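coords-v6.pdb (PDB, C-alpha atoms)
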ATOM      1  CA  MET D 449      20.764  -9.712   2.444
ATOM      2  CA  GLY D 450      18.740 -10.854   5.503
ATOM      3  CA  GLN D 451      19.656  -8.271   8.152
ATOM      4  CA  ASP D 452      19.728  -5.521   5.524
ATOM      5  CA  VAL D 453      16.019  -6.075   4.853
ATOM      6  CA  SER D 454      14.556  -6.495   8.341
ATOM      7  CA  ARG D 455      15.715  -6.582  11.938
ATOM      8  CA  PHE D 456      14.287 -10.124  12.007
ATOM      9  CA  GLY D 457      16.180 -11.222   8.920
ATOM     10  CA  ALA D 458      14.716 -12.426   5.663
ATOM     11  CA  VAL D 459      14.418 -15.516   3.539
ATOM     12  CA  THR D 460      15.349 -15.940  -0.089
ATOM     13  CA  LEU D 461      12.781 -16.666  -2.761
ATOM     14  CA  ASP D 462      14.090 -20.246  -2.943
ATOM     15  CA  GLU D 463      13.387 -20.780   0.768
ATOM     16  CA  LEU D 464       9.663 -20.058   0.429
ATOM     17  CA  PRO D 465       7.127 -22.904   0.157
ATOM     18  CA  ASP D 466       6.290 -23.753  -3.464
ATOM     19  CA  ASP D 467       2.966 -21.906  -3.580
ATOM     20  CA  LEU D 468       4.466 -18.699  -2.200
ATOM     21  CA  ARG D 469       7.586 -18.976  -4.341
ATOM     22  CA  ASP D 470       5.360 -19.237  -7.415
ATOM     23  CA  ARG D 471       3.120 -16.387  -6.306
ATOM     24  CA  ILE D 472       5.967 -14.030  -5.407
ATOM     25  CA  GLY D 473       7.884 -15.150  -8.495
ATOM     26  CA  VAL D 474       5.118 -13.740 -10.700
ATOM     27  CA  ILE D 475       5.469 -10.372  -8.942
ATOM     28  CA  ALA D 476       9.255 -10.493  -9.264
ATOM     29  CA  GLU D 477       9.028 -11.319 -12.960
ATOM     30  CA  LYS D 478       6.654  -8.423 -13.598
ATOM     31  CA  SER D 479       8.575  -5.855 -11.529
ATOM     32  CA  GLY D 480      12.096  -7.123 -12.088
ATOM     33  CA  PHE D 481      12.803  -7.657  -8.374
ATOM     34  CA  VAL D 482      11.383  -9.288  -5.240
ATOM     35  CA  PRO D 483       9.878  -6.674  -2.913
ATOM     36  CA  ASN D 484      11.530  -6.936   0.496
ATOM     37  CA  VAL D 485       8.205  -7.230   2.317
ATOM     38  CA  PHE D 486       7.777 -10.763   0.965
ATOM     39  CA  LEU D 487      11.254 -11.834   1.983
ATOM     40  CA  ALA D 488      10.856 -10.335   5.455
ATOM     41  CA  LEU D 489       7.447 -11.918   6.069
ATOM     42  CA  GLY D 490       8.535 -15.166   4.431
ATOM     43  CA  HIS D 491       9.985 -16.675   7.590
ATOM     44  CA  ARG D 492       6.348 -17.076   8.700
ATOM     45  CA  PRO D 493       4.749 -18.554   5.569
ATOM     46  CA  ALA D 494       1.208 -18.823   6.956
ATOM     47  CA  GLU D 495       1.226 -15.107   7.796
ATOM     48  CA  LEU D 496       2.729 -14.182   4.425
ATOM     49  CA  ARG D 497       0.079 -16.279   2.677
ATOM     50  CA  ALA D 498      -2.734 -14.614   4.660
ATOM     51  CA  PHE D 499      -1.258 -11.161   4.032
ATOM     52  CA  CYS D 500      -1.028 -11.815   0.285
ATOM     53  CA  ASP D 501      -4.564 -13.204   0.152
ATOM     54  CA  TYR D 502      -6.070 -10.198   1.916
ATOM     55  CA  HIS D 503      -3.873  -7.769  -0.014
ATOM     56  CA  ASP D 504      -5.055  -9.215  -3.317
ATOM     57  CA  ALA D 505      -8.703  -9.299  -2.222
ATOM     58  CA  VAL D 506      -8.569  -5.614  -1.265
ATOM     59  CA  MET D 507      -6.089  -4.124  -3.739
ATOM     60  CA  GLU D 508      -6.795  -6.096  -6.924
ATOM     61  CA  ARG D 509     -10.589  -5.768  -7.082
ATOM     62  CA  GLU D 510     -11.971  -4.788 -10.468
ATOM     63  CA  THR D 511     -14.887  -2.793  -9.027
ATOM     64  CA  GLY D 512     -15.094   0.091  -6.584
ATOM     65  CA  LEU D 513     -12.112   2.407  -6.297
ATOM     66  CA  THR D 514      -9.630   2.419  -9.159
ATOM     67  CA  LYS D 515      -6.254   0.832  -8.518
ATOM     68  CA  ALA D 516      -4.683   4.300  -8.479
ATOM     69  CA  GLU D 517      -7.227   5.466  -5.885
ATOM     70  CA  ARG D 518      -6.416   2.444  -3.722
ATOM     71  CA  GLU D 519      -2.729   3.347  -3.873
ATOM     72  CA  LEU D 520      -3.645   6.945  -3.017
ATOM     73  CA  VAL D 521      -5.191   5.645   0.223
ATOM     74  CA  VAL D 522      -2.082   3.571   0.974
ATOM     75  CA  VAL D 523       0.301   6.480   0.445
ATOM     76  CA  ALA D 524      -1.812   8.986   2.405
ATOM     77  CA  THR D 525      -2.324   6.724   5.410
ATOM     78  CA  SER D 526       1.217   5.339   5.342
ATOM     79  CA  GLY D 527       2.561   8.891   5.272
ATOM     80  CA  ALA D 528       0.355   9.803   8.226
ATOM     81  CA  ASN D 529       1.588   6.652  10.000
ATOM     82  CA  HIS D 530       5.246   7.476   9.195
ATOM     83  CA  CYS D 531       5.799   4.174   7.419
ATOM     84  CA  THR D 532       8.795   4.633   5.166
ATOM     85  CA  TYR D 533       8.565   1.218   3.514
ATOM     86  CA  CYS D 534       4.933   1.614   2.453
ATOM     87  CA  VAL D 535       5.376   5.241   1.378
ATOM     88  CA  VAL D 536       8.335   4.324  -0.812
ATOM     89  CA  ALA D 537       6.937   1.072  -2.234
ATOM     90  CA  HIS D 538       3.364   2.212  -2.755
ATOM     91  CA  GLY D 539       4.452   5.690  -3.747
ATOM     92  CA  ALA D 540       6.184   4.002  -6.674
ATOM     93  CA  ILE D 541       3.049   2.072  -7.547
ATOM     94  CA  LEU D 542       0.912   5.235  -7.236
ATOM     95  CA  ARG D 543       3.263   7.119  -9.581
ATOM     96  CA  VAL D 544       2.889   4.345 -12.142
ATOM     97  CA  ARG D 545      -0.872   3.834 -11.786
ATOM     98  CA  ALA D 546      -1.732   7.548 -11.647
ATOM     99  CA  ARG D 547       0.825   8.357 -14.346
ATOM    100  CA  ASP D 548       1.934  11.273 -12.194
ATOM    101  CA  PRO D 549       5.550  11.489 -10.979
ATOM    102  CA  HIS D 550       4.691  14.093  -8.285
ATOM    103  CA  LEU D 551       1.424  12.980  -6.680
ATOM    104  CA  ALA D 552       2.834  10.341  -4.319
ATOM    105  CA  ASP D 553       5.463  12.648  -2.813
ATOM    106  CA  ARG D 554       2.945  15.437  -2.265
ATOM    107  CA  VAL D 555       0.408  13.094  -0.678
ATOM    108  CA  ALA D 556       2.961  11.299   1.507
ATOM    109  CA  THR D 557       4.444  14.452   2.984
ATOM    110  CA  ASN D 558       1.210  16.255   3.850
ATOM    111  CA  PRO D 559      -1.963  14.385   2.922
ATOM    112  CA  TRP D 560      -4.148  16.866   4.834
ATOM    113  CA  SER D 561      -3.423  19.883   2.657
ATOM    114  CA  VAL D 562      -2.164  18.564  -0.677
ATOM    115  CA  GLU D 563      -4.183  19.863  -3.597
ATOM    116  CA  LEU D 564      -6.363  17.047  -4.938
ATOM    117  CA  SER D 565      -9.506  16.686  -7.017
ATOM    118  CA  ALA D 566     -12.738  16.792  -4.989
ATOM    119  CA  ARG D 567     -13.065  12.997  -5.326
ATOM    120  CA  GLN D 568      -9.473  12.350  -4.269
ATOM    121  CA  ARG D 569      -9.869  14.739  -1.329
ATOM    122  CA  ALA D 570     -12.979  12.866  -0.140
ATOM    123  CA  ILE D 571     -11.131   9.542  -0.387
ATOM    124  CA  VAL D 572      -8.043  10.825   1.448
ATOM    125  CA  ASP D 573     -10.033  12.622   4.156
ATOM    126  CA  LEU D 574     -12.085   9.508   4.907
ATOM    127  CA  ALA D 575      -8.968   7.327   5.009
ATOM    128  CA  LEU D 576      -7.047   9.757   7.233
ATOM    129  CA  THR D 577      -9.819  10.005   9.801
ATOM    130  CA  LEU D 578     -10.050   6.229  10.018
ATOM    131  CA  ALA D 579      -6.258   5.802  10.117
ATOM    132  CA  VAL D 580      -5.237   8.594  12.462
ATOM    133  CA  ASP D 581      -8.206   9.165  14.741
ATOM    134  CA  PRO D 582     -10.509   6.139  14.505
ATOM    135  CA  GLY D 583     -12.248   7.041  17.760
ATOM    136  CA  ALA D 584     -13.495  10.216  16.081
ATOM    137  CA  PHE D 585     -14.781   8.337  13.022
ATOM    138  CA  THR D 586     -18.564   8.764  12.796
ATOM    139  CA  ALA D 587     -21.550   8.450  10.496
ATOM    140  CA  GLU D 588     -20.875  12.061   9.476
ATOM    141  CA  ASP D 589     -17.611  10.932   7.860
ATOM    142  CA  ILE D 590     -19.541   8.369   5.830
ATOM    143  CA  GLU D 591     -22.146  10.975   4.851
ATOM    144  CA  ALA D 592     -19.452  13.440   3.775
ATOM    145  CA  ALA D 593     -17.957  10.765   1.525
ATOM    146  CA  ARG D 594     -21.389   9.972   0.075
ATOM    147  CA  ASP D 595     -22.044  13.684  -0.460
ATOM    148  CA  ALA D 596     -18.760  13.850  -2.386
ATOM    149  CA  GLY D 597     -20.065  11.118  -4.702
ATOM    150  CA  LEU D 598     -18.473   7.978  -3.271
ATOM    151  CA  THR D 599     -20.623   4.875  -3.355
ATOM    152  CA  ASP D 600     -20.946   2.577  -0.373
ATOM    153  CA  GLU D 601     -18.735   0.051  -2.192
ATOM    154  CA  GLU D 602     -16.043   2.703  -2.645
ATOM    155  CA  ILE D 603     -16.356   3.799   0.991
ATOM    156  CA  TRP D 604     -15.881   0.161   2.027
ATOM    157  CA  ASP D 605     -12.804   0.016  -0.216
ATOM    158  CA  VAL D 606     -11.341   3.067   1.540
ATOM    159  CA  GLY D 607     -11.914   1.391   4.903
ATOM    160  CA  ALA D 608     -10.532  -1.980   3.815
ATOM    161  CA  VAL D 609      -7.368  -0.479   2.289
ATOM    162  CA  THR D 610      -6.844   1.782   5.317
ATOM    163  CA  SER D 611      -7.242  -1.158   7.682
ATOM    164  CA  LEU D 612      -4.959  -3.488   5.739
ATOM    165  CA  PHE D 613      -2.227  -0.878   5.671
ATOM    166  CA  ALA D 614      -2.600  -0.103   9.366
ATOM    167  CA  LEU D 615      -1.435  -3.707   9.809
ATOM    168  CA  SER D 616       1.209  -3.392   7.123
ATOM    169  CA  ASN D 617       2.559  -0.095   8.508
ATOM    170  CA  ARG D 618       2.902  -1.505  11.992
ATOM    171  CA  MET D 619       4.600  -4.694  10.803
ATOM    172  CA  ALA D 620       7.012  -2.612   8.721
ATOM    173  CA  HIS D 621       7.826  -0.554  11.825
ATOM    174  CA  LEU D 622       8.317  -3.698  13.911
ATOM    175  CA  MET D 623      10.662  -5.189  11.317
ATOM    176  CA  ALA D 624      12.443  -1.925  10.444
ATOM    177  CA  LEU D 625      11.658  -2.994   6.889
ATOM    178  CA  VAL D 626      13.938  -1.452   4.288
ATOM    179  CA  PRO D 627      12.488  -0.466   0.889
ATOM    180  CA  ASN D 628      14.074  -1.932  -2.223
ATOM    181  CA  ASP D 629      16.265   0.544  -4.100
ATOM    182  CA  GLU D 630      14.258  -0.187  -7.254
ATOM    183  CA  PHE D 631      11.162   1.519  -5.828
ATOM    184  CA  TYR D 632      12.792   4.947  -5.611
ATOM    185  CA  LEU D 633      12.919   5.598  -9.356
ATOM    186  CA  MET D 634       9.782   3.731 -10.455
ATOM    187  CA  GLY D 635       7.330   6.041 -12.140
ATOM    188  CA  ARG D 636       9.669   9.013 -11.998
ATOM    189  CA  LEU D 637      11.526   8.474 -15.246
ATOM    190  CA  PRO D 638      10.143   7.442 -18.637
ATOM    191  CA  ARG D 639      10.421   3.719 -19.311
ATOM    192  CA  GLU D 640      12.997   2.725 -21.873
TER     193      GLU D 640
END

Could I get this structure in the form of structure tokens?
Amino acid sequence: MGQDVSRFGAVTLDELPDDLRDRIGVIAEKSGFVPNVFLALGHRPAELRAFCDYHDAVMERETGLTKAERELVVVATSGANHCTYCVVAHGAILRVRARDPHLADRVATNPWSVELSARQRAIVDLALTLAVDPGAFTAEDIEAARDAGLTDEEIWDVGAVTSLFALSNRMAHLMALVPNDEFYLMGRLPRE
């Protein structure tokens, strides 16, 4: 499996330190498979641990943006950054969390013009500016998000998710990370 997952190889779940094996095992049990990102990053356990900690702090918060809105940011910015792994993996999660089998594909292919609710558009526009042209990011972008009804906590969430996935997108590019086959159908077909 190793070379098929990443140009730097991959570990197996059994090769991870106990704490990471337990942590990733919970994800595998819930989803039915081990996402390749964990196996590819697993050869550097300290980095995998830090990635998981920050991911959970940003993506699993109970306040601020909804979990579907967080995934919307990931898919929009990952699409803009041409990150196949994150578009495929988080597109699957967005389909499930938004309960919409079409949204992720539309957002990933052209996040600038996809038809969205006013709130979603404000979230995506803020994230795209920060992701694609951070030098042009100004107080006016923050004010536009506030004018659209986003709170400062939600604006921070957009920035934190965008920033985390800038790292994730670039690591996926470096590794030539291959998405798991299981992601492609998630959220597209009714569950049995």

Pull the closest atom pair for each residue of region 515-596 of chain D that gets at most 9 Å from region 605-611 of chain D, along with the distance in Å to one decimal, counting only C-alpha atoms, ordering rows by chain and then ascending residue number, as a Markdown table.
| residue | atom | partner | partner_atom | distance |
| --- | --- | --- | --- | --- |
| D:Glu517 | CA | D:Val606 | CA | 8.8 |
| D:Arg518 | CA | D:Val609 | CA | 6.8 |
| D:Glu519 | CA | D:Val609 | CA | 8.6 |
| D:Val521 | CA | D:Thr610 | CA | 6.6 |
| D:Val522 | CA | D:Thr610 | CA | 6.7 |
| D:Thr525 | CA | D:Thr610 | CA | 6.7 |
| D:Ser526 | CA | D:Thr610 | CA | 8.8 |
| D:Ile571 | CA | D:Val606 | CA | 6.8 |
| D:Val572 | CA | D:Val606 | CA | 8.4 |
| D:Leu574 | CA | D:Val606 | CA | 7.3 |
| D:Ala575 | CA | D:Thr610 | CA | 5.9 |
| D:Leu576 | CA | D:Thr610 | CA | 8.2 |
| D:Leu578 | CA | D:Thr610 | CA | 7.2 |
| D:Ala579 | CA | D:Thr610 | CA | 6.3 |

- [ ] Grab the CA of Leu598 (chain D) to CA of Val562 (chain D) distance for me, in Å with one decimal place.
- [x] 19.6 Å

Padding of 6 Å on every side, edges along x, y and z, all listed atoms of region 494-508 of chain D included: what centre and edge lengths in Å, to one decimal, does that box have, as JSON?
{"center_x": -3.0, "center_y": -11.5, "center_z": 0.4, "size_x": 23.4, "size_y": 26.7, "size_z": 26.7}

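Across the model, the gap from CA of Asn484 (chain D) to CA of Asp504 (chain D) is 17.2 Å.
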
Open item on the list: Which polymer residues, whether protein, DNA or RNA, lie within 10 Å of the coordinate (8.8, -17.8, -5.5) when you count only C-alpha atoms? List them as a PyMOL selection string, using the chain letters and numbers from the file.
Closed with: chain D and resi 460-477+482+486-487

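Distances from D:Phe585, D:Asp501, D:Ala528, D:Pro549 to Gly635 (chain D) were compared using all atoms listed in the file, and the smallest one belongs to D:Pro549.
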
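The interatomic distance for the pair CA of Val535 (chain D) and CA of Trp560 (chain D) works out to 15.4 Å.
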
Task: Explicit residue set for the PyMOL selection byres ((chain D and resi 530) around 12), as a VMD selection string - done: chain D and resid 522 to 529 531 to 536 556 to 559 579 to 580 613 to 614 616 to 618 620 to 621 624

Surrounding residues of Ala546 (chain D) excluding itself and chain neighbours under 5 positions, 12 Å, all atoms listed in the file, as an mmCIF file with C-alpha atoms, keeping the file's coordinate frame:
data_model
loop_
_atom_site.group_PDB
_atom_site.id
_atom_site.type_symbol
_atom_site.label_atom_id
_atom_site.label_comp_id
_atom_site.auth_asym_id
_atom_site.auth_seq_id
_atom_site.Cartn_x
_atom_site.Cartn_y
_atom_site.Cartn_z
ATOM 1 C CA THR D 514 -9.630 2.419 -9.159
ATOM 2 C CA LYS D 515 -6.254 0.832 -8.518
ATOM 3 C CA ALA D 516 -4.683 4.300 -8.479
ATOM 4 C CA GLU D 517 -7.227 5.466 -5.885
ATOM 5 C CA ARG D 518 -6.416 2.444 -3.722
ATOM 6 C CA GLU D 519 -2.729 3.347 -3.873
ATOM 7 C CA LEU D 520 -3.645 6.945 -3.017
ATOM 8 C CA HIS D 538 3.364 2.212 -2.755
ATOM 9 C CA GLY D 539 4.452 5.690 -3.747
ATOM 10 C CA ALA D 540 6.184 4.002 -6.674
ATOM 11 C CA ILE D 541 3.049 2.072 -7.547
ATOM 12 C CA LEU D 551 1.424 12.980 -6.680
ATOM 13 C CA ALA D 552 2.834 10.341 -4.319
ATOM 14 C CA GLN D 568 -9.473 12.350 -4.269
ATOM 15 C CA GLY D 635 7.330 6.041 -12.140
ATOM 16 C CA ARG D 636 9.669 9.013 -11.998
#

Could you list as a PDB file with C-alpha atoms, in the coordinates of the input every residue that has an atom within 12 Å of (-20.3, 15.2, -1.9), using the file's coordinates and counting only C-alpha atoms?
ATOM      1  CA  ALA D 566     -12.738  16.792  -4.989  1.00  0.00           C
ATOM      2  CA  ARG D 567     -13.065  12.997  -5.326  1.00  0.00           C
ATOM      3  CA  GLN D 568      -9.473  12.350  -4.269  1.00  0.00           C
ATOM      4  CA  ARG D 569      -9.869  14.739  -1.329  1.00  0.00           C
ATOM      5  CA  ALA D 570     -12.979  12.866  -0.140  1.00  0.00           C
ATOM      6  CA  ILE D 571     -11.131   9.542  -0.387  1.00  0.00           C
ATOM      7  CA  GLU D 588     -20.875  12.061   9.476  1.00  0.00           C
ATOM      8  CA  ASP D 589     -17.611  10.932   7.860  1.00  0.00           C
ATOM      9  CA  ILE D 590     -19.541   8.369   5.830  1.00  0.00           C
ATOM     10  CA  GLU D 591     -22.146  10.975   4.851  1.00  0.00           C
ATOM     11  CA  ALA D 592     -19.452  13.440   3.775  1.00  0.00           C
ATOM     12  CA  ALA D 593     -17.957  10.765   1.525  1.00  0.00           C
ATOM     13  CA  ARG D 594     -21.389   9.972   0.075  1.00  0.00           C
ATOM     14  CA  ASP D 595     -22.044  13.684  -0.460  1.00  0.00           C
ATOM     15  CA  ALA D 596     -18.760  13.850  -2.386  1.00  0.00           C
ATOM     16  CA  GLY D 597     -20.065  11.118  -4.702  1.00  0.00           C
ATOM     17  CA  LEU D 598     -18.473   7.978  -3.271  1.00  0.00           C
ATOM     18  CA  THR D 599     -20.623   4.875  -3.355  1.00  0.00           C
TER      19      THR D 599
END

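Proximity of D:Ile603, D:Val459, D:Leu615, D:Ala584 to His503 (chain D), computed with all atoms listed in the file, is greatest for D:Leu615.
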
- [ ] Go through D:Glu602, D:Leu622, D:Met634, D:Asn628 and flag the residue nearest Val506 (chain D), using only C-alpha atoms for the distances.
- [x] D:Glu602

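You can rank D:Ser561, D:Thr577, D:Ser454, D:Thr511 by their closest distance to Gly490 (chain D) using only C-alpha atoms, and at the top of that list sits D:Ser454.
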
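Among the candidates D:His491, D:Asp573, D:Cys500, D:Ala537, the one nearest to Glu630 (chain D) when counting only C-alpha atoms is D:Ala537.
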